[in-house]
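The structure under discussion appears below in the form of structure tokens.
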Amino acid sequence: MEMKYLIKEQECGYLMKNGRFVRLLTAGKYRFMKELGYEVQVVPMTGQVKTCGIPEEILMGDREFAARVVKAEVPDTCLAIRFVNQAFKEVLTGPEALFWNVFEKNTFQMVDMTEPCMEKVLPRMYIDLMPMKYYKKIVVKDGEVGLLSFDNRLERRLETGSYYFWNYGREVTGKIFNMKIQQLDITGQEILTADKVGVRLNVVCSYRITDPERLVKMVDGASGQLYTCAQLVLREYVGRFRLDELLAQKEEIGQYVLQKLRERQEEFCVEVTGAGIKDIILPGEIREIMNTVLVAEKKAQANVIMRREEVASTRSLLNTARLMDENRTLFKLKEMEYLERICDKVGGITLNGGTNVLEQLSELMASKG
């Protein structure tokens, strides 16, 4: 039985006889007798070569095939970037690969992975195209500092920016430290005063890291160490005072905590910039007692003010009476003032002739009195 094959321009065929490669067939029409063991494997002549199970060494022995392919051999210490017609196509990580070089112009750029810093051997535009498993990206934001380590050994400090390092042959790690002023809240600290009253304190302090290189060697978490230190300082200070003494010196507590933390700030590799008491929370029964005392104090103060005002009012009336007694004209003016007020509230007044209006009104007031 005769088999017909049509191989297009962008294709080729592997002529096989009894399972063995014979030669490469290019574009055209072909006929082969199947009974004689002939078979043709048609493959596209673009991209990576499909060998259809034929060993590469046998295919490369055919001059027609060898003239149409290019081989990329990638050493263990490198990656290869494949360009097609001078445009980026892909990253090659395998040891070797065959590509058709007929309708596409394949070129390869070897990238050395033994140099830790990627940007020294690879343009930045290609870095993000690399497989993530081969490199480590470290981003240091504004106000931060990074510490670069190779195989857990400190290498150098990283300032603000983005950094790329090959992971080949070493473990790359980067620890980021916030160098800005940070706030540490110490909440709900239940402490007994000298008179055995349990109070809860909420304290806030601020700090910033000063020496990250020394910090990673000497301190396991600066914020945790500061938190514990502030707790102990509060217990030491509050336990010395009675409740009323403690409430009277809220500012002094914050200053004491700040002073004690600053005495140990070098040990924690930080600078303590501030500390203060946000709240002093009393037990419910103590709050009720203090509220009762406060209400009583305010009532007493109100009574004192009322008595003081009454005395001042009486003294004013006495002074006015003395002045009117000594000055007849002032007495008449005051009398006319009161008559005016009376007239404003009276609907109608009937007066007789013979005396003036003021005299009749005065007589009217005298008769009512």
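The way I read the labels, and the way they are meant: chains A, B, ... in the order of the structure tokens, residue 1 as the first residue of every chain, and ligand 1 as the first ligand shown, with later ones counted on from there.
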
Selection near Pro44 in chain A, 7 Å with only C-alpha atoms, sequence-local residues under 5 positions removed, as a short mmCIF file (atom, residue, chain, number, x, y, z; two decimals) with N, CA and C atoms, in the first residue's frame:
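This is the output file part.cif:
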data_model
loop_
_atom_site.label_atom_id
_atom_site.label_comp_id
_atom_site.auth_asym_id
_atom_site.auth_seq_id
_atom_site.Cartn_x
_atom_site.Cartn_y
_atom_site.Cartn_z
N GLN A 10 6.59 25.32 6.03
CA GLN A 10 7.11 25.53 7.38
C GLN A 10 7.21 24.23 8.17
N GLU A 11 7.18 23.10 7.45
CA GLU A 11 7.28 21.80 8.09
C GLU A 11 8.45 21.01 7.51
N CYS A 12 8.71 19.89 8.18
CA CYS A 12 9.68 18.93 7.67
C CYS A 12 9.21 17.54 8.09
#

- Query: Near Lys4 in chain A, counting only C-alpha atoms, which residues have an atom at most 9 Å away, once you skip same-chain residues fewer than 6 positions from it, shown as a PyMOL selection string?
  - Reply: chain A and resi 29-33

- Query: Among range 52-139 of chain A, which residues carry a DSSP assignment of alpha helix (DSSP H), reported as a PyMOL selection string?
  - Reply: chain A and resi 56-60+63-66+124-127

- What's the 8 Å shell around Glu171 in chain A, counting only C-alpha atoms, without same-chain residues fewer than 5 positions away, as a list in words? Phe150, Asp151 and Asn152 of chain A

- Message: Among range 103-257 of chain A, which residues does DSSP mark as strand (DSSP E or B) when it is run on the backbone? Keep the chain and numbering as in the structure and answer as a PyMOL selection string.
- Response: chain A and resi 106-112+117+135-140+144-150+153-158+161-166+172-178+182-192+198-209

Requested write-out: C-alpha atoms of the selected residues, as a JSON list (two decimals), in the first residue's frame:
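out_18.json written:
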[["chain", "number", "residue", "atom", "x", "y", "z"],
["A", 106, "ASN", "CA", 17.63, 32.11, 17.50],
["A", 107, "THR", "CA", 20.35, 33.65, 19.66],
["A", 108, "PHE", "CA", 21.25, 32.97, 23.28],
["A", 109, "GLN", "CA", 22.74, 35.06, 26.09],
["A", 110, "MET", "CA", 24.40, 33.21, 28.95],
["A", 111, "VAL", "CA", 23.87, 34.69, 32.43],
["A", 112, "ASP", "CA", 26.39, 33.85, 35.16],
["A", 117, "CYS", "CA", 24.15, 40.59, 42.56],
["A", 135, "TYR", "CA", 16.64, 34.57, 42.77],
["A", 136, "LYS", "CA", 15.68, 36.57, 45.85],
["A", 137, "LYS", "CA", 14.09, 40.01, 45.65],
["A", 138, "ILE", "CA", 14.55, 42.34, 48.65],
["A", 139, "VAL", "CA", 12.60, 45.61, 48.83],
["A", 140, "VAL", "CA", 13.65, 48.29, 51.34],
["A", 144, "GLU", "CA", 13.76, 51.24, 56.50],
["A", 145, "VAL", "CA", 17.13, 49.48, 56.49],
["A", 146, "GLY", "CA", 17.81, 45.96, 55.26],
["A", 147, "LEU", "CA", 20.53, 43.55, 56.39],
["A", 148, "LEU", "CA", 21.71, 41.19, 53.64],
["A", 149, "SER", "CA", 22.98, 37.74, 54.66],
["A", 150, "PHE", "CA", 24.48, 34.90, 52.64],
["A", 153, "ARG", "CA", 26.25, 35.32, 57.56],
["A", 154, "LEU", "CA", 25.79, 39.08, 57.60],
["A", 155, "GLU", "CA", 27.09, 40.60, 54.36],
["A", 156, "ARG", "CA", 26.14, 44.29, 54.31],
["A", 157, "ARG", "CA", 23.46, 46.91, 54.95],
["A", 158, "LEU", "CA", 20.91, 47.76, 52.26],
["A", 161, "GLY", "CA", 15.59, 50.49, 47.05],
["A", 162, "SER", "CA", 14.93, 47.13, 45.33],
["A", 163, "TYR", "CA", 17.66, 44.48, 45.21],
["A", 164, "TYR", "CA", 17.97, 41.18, 43.31],
["A", 165, "PHE", "CA", 20.33, 38.33, 44.25],
["A", 166, "TRP", "CA", 20.89, 34.91, 42.75],
["A", 172, "VAL", "CA", 20.09, 34.68, 50.47],
["A", 173, "THR", "CA", 18.08, 36.35, 53.25],
["A", 174, "GLY", "CA", 17.22, 39.95, 54.01],
["A", 175, "LYS", "CA", 15.94, 41.30, 57.33],
["A", 176, "ILE", "CA", 14.09, 44.61, 57.17],
["A", 177, "PHE", "CA", 14.15, 47.07, 60.09],
["A", 178, "ASN", "CA", 11.84, 50.06, 60.48],
["A", 182, "GLN", "CA", 7.51, 53.45, 66.58],
["A", 183, "GLN", "CA", 4.85, 53.38, 69.28],
["A", 184, "LEU", "CA", 4.68, 50.66, 71.91],
["A", 185, "ASP", "CA", 1.41, 50.33, 73.85],
["A", 186, "ILE", "CA", 1.62, 48.67, 77.27],
["A", 187, "THR", "CA", -2.00, 48.10, 78.24],
["A", 188, "GLY", "CA", -3.92, 46.60, 81.15],
["A", 189, "GLN", "CA", -1.07, 46.39, 83.68],
["A", 190, "GLU", "CA", -2.73, 45.39, 86.97],
["A", 191, "ILE", "CA", -0.60, 46.58, 89.90],
["A", 192, "LEU", "CA", -1.19, 46.85, 93.68],
["A", 198, "GLY", "CA", -5.45, 47.16, 92.52],
["A", 199, "VAL", "CA", -5.19, 49.63, 89.64],
["A", 200, "ARG", "CA", -4.78, 49.11, 85.91],
["A", 201, "LEU", "CA", -2.40, 51.32, 83.94],
["A", 202, "ASN", "CA", -2.18, 51.94, 80.21],
["A", 203, "VAL", "CA", 1.26, 53.23, 79.22],
["A", 204, "VAL", "CA", 2.55, 54.35, 75.83],
["A", 205, "CYS", "CA", 6.18, 54.82, 74.86],
["A", 206, "SER", "CA", 7.92, 55.64, 71.58],
["A", 207, "TYR", "CA", 11.30, 54.45, 70.33],
["A", 208, "ARG", "CA", 13.39, 53.97, 67.21],
["A", 209, "ILE", "CA", 16.07, 51.43, 66.31]]
